[in-house]
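Peer 1: The structure that follows is given in the form of structure tokens.
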Amino acid sequence: MARRIRTYAIALICCLAVSPAFANNETTNSSIILSGGYSKAKNACDSPWVTVAMGSGSTCSETHTALRLAYNYRFTPIWGFEASYGDLGNATGEGISTVSGLAGTLATWSTKAIGWAFSGTATVPITGGFSFFGKVGTVRAEFSESYHANSNTTGAVMQGISVNGVPISRQIKNSVTYGAGVQYELSKSFAIRAQYENFGSYDIYSAYGISNPPRIALSLASVGIVLKF
């Protein structure tokens with residue numbers, strides 16, 4: 001399902017990019033940006049499934065590779081608007097299950113956030129083809145958490161385990177996003193950039209009755225290619 005949503009979103013961004021209402025071929029106000037880097041889902045490894053259902057010997061990583069696709073339109077040489085979609089953060093863990101009936105078997109856990117971000121942008125030329133840019137806006141993050149315990153004898157996978165009786169499922173949260181970076185113009189139609197983006201901090205556990213739930217803070221450091229038209 002997540003792949004299908006991502007495919008539809010990318011297609012929508014591409015359609016917007018080639019729309020006559022947005023594009024201006026004479027001034028190259030429009031651009032498509034493909035970025036890749038490393039995301040950080042800070043505090044995600046404090047999930048109750050890592051700390052309780054996987055035992056004390058579990059390992060967990062809050063960093064992961066991430067990809068995002070964006071469309072940017074400049075109203076003026078300085079001010080613009082950007083819409084992007086893709087990875088926001090991902091954390092993974094593994095250990096030995098302590099869940100009743102599956103205790104002692106290998107367990108894996110993951111939480112992932114993907115979603116849209118909409119931001120106003122400001123670009124300030126520096127020198128020699130370099131420019132500094134900043135952005136601020138809103139982000140719509142879709143979280144999905146999963147926990148799997150594999151039986152050594154049957155190979156079965158147990159899914160849909162619940163926290164306090166509530167099944168782990170998708171949650172959609174909104175927050176403020178901001179970012180900054182540097183762009184270098186290689187030509188009129190091509191540039192490269194490096195940027196940092198903060199996608200906000202989220203509580204996805206209080207709805208399950210978890211006391212003092214961790215807040216997952218999402219961020220991304222990336223480099224990207226910019227195609228202008």
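Each chain of the structure tokens is named A, B, ... in the order shown, its residues numbered from 1; ligands are numbered from 1 in display order.
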Going by DSSP on the backbone, which bits of stretch 22-92 of chain A are strand (DSSP E)? Write them as JSON, numbers by chain, please.

Peer 2: {"A": [30, 31, 32, 33, 34, 35, 36, 37, 38, 39, 40, 41, 42, 59, 60, 61, 63, 64, 65, 66, 67, 68, 69, 70, 71, 72, 73, 74, 79, 80, 81, 82, 83, 84, 85, 86, 87, 88, 89, 90, 91, 92]}

Peer 1: Dump C-alpha atoms for the selected residues as an mmCIF file, in the first residue's frame?

Peer 2:
```cif
data_model
loop_
_atom_site.group_PDB
_atom_site.id
_atom_site.type_symbol
_atom_site.label_atom_id
_atom_site.label_comp_id
_atom_site.auth_asym_id
_atom_site.auth_seq_id
_atom_site.Cartn_x
_atom_site.Cartn_y
_atom_site.Cartn_z
ATOM 1 C CA SER A 30 10.194 25.629 -12.116
ATOM 2 C CA SER A 31 12.476 22.852 -10.964
ATOM 3 C CA ILE A 32 12.379 19.198 -9.972
ATOM 4 C CA ILE A 33 14.684 18.108 -7.134
ATOM 5 C CA LEU A 34 15.645 14.507 -6.411
ATOM 6 C CA SER A 35 17.413 14.206 -3.035
ATOM 7 C CA GLY A 36 18.983 11.297 -1.211
ATOM 8 C CA GLY A 37 20.702 11.064 2.146
ATOM 9 C CA TYR A 38 20.405 9.839 5.700
ATOM 10 C CA SER A 39 17.372 10.339 7.910
ATOM 11 C CA LYS A 40 17.302 10.344 11.694
ATOM 12 C CA ALA A 41 14.271 9.172 13.695
ATOM 13 C CA LYS A 42 15.481 10.320 17.111
ATOM 14 C CA THR A 59 19.890 -3.774 18.887
ATOM 15 C CA CYS A 60 18.294 -0.776 17.220
ATOM 16 C CA SER A 61 19.246 1.903 14.684
ATOM 17 C CA THR A 63 19.308 6.239 11.018
ATOM 18 C CA HIS A 64 18.413 5.076 7.540
ATOM 19 C CA THR A 65 18.820 5.995 3.871
ATOM 20 C CA ALA A 66 16.060 8.223 2.516
ATOM 21 C CA LEU A 67 14.836 9.540 -0.837
ATOM 22 C CA ARG A 68 12.596 12.533 -1.557
ATOM 23 C CA LEU A 69 11.226 14.104 -4.742
ATOM 24 C CA ALA A 70 10.267 17.784 -4.806
ATOM 25 C CA TYR A 71 8.781 20.386 -7.123
ATOM 26 C CA ASN A 72 9.802 24.027 -6.615
ATOM 27 C CA TYR A 73 8.316 27.125 -8.207
ATOM 28 C CA ARG A 74 9.812 30.608 -7.808
ATOM 29 C CA TRP A 79 10.585 33.800 -3.011
ATOM 30 C CA GLY A 80 9.079 30.472 -3.969
ATOM 31 C CA PHE A 81 7.022 27.425 -3.009
ATOM 32 C CA GLU A 82 8.045 23.768 -2.688
ATOM 33 C CA ALA A 83 6.046 20.535 -2.472
ATOM 34 C CA SER A 84 7.880 17.291 -1.729
ATOM 35 C CA TYR A 85 7.095 13.663 -0.982
ATOM 36 C CA GLY A 86 9.110 10.673 0.234
ATOM 37 C CA ASP A 87 10.915 9.262 3.250
ATOM 38 C CA LEU A 88 10.842 11.195 6.517
ATOM 39 C CA GLY A 89 12.528 8.677 8.812
ATOM 40 C CA ASN A 90 12.973 4.992 9.496
ATOM 41 C CA ALA A 91 14.231 2.979 12.481
ATOM 42 C CA THR A 92 14.852 -0.761 12.672
#
```

Peer 1: Which residues come within 8 Å of stretch 173-182 of chain A, counting only C-alpha atoms, excluding same-chain residues fewer than 6 positions away, as a list in words?

Peer 2: Ala117, Ser119, Phe130, Ser131, Phe132, Phe133, Gly134, Lys135, Val136, Gly137, Thr138, Val139, Arg140, Ala141, Glu142, Phe143, Arg193, Ala194, Gln195, Tyr196, Glu197, Asn198, Phe199, Gly200, Ser201 and Tyr202 of chain A
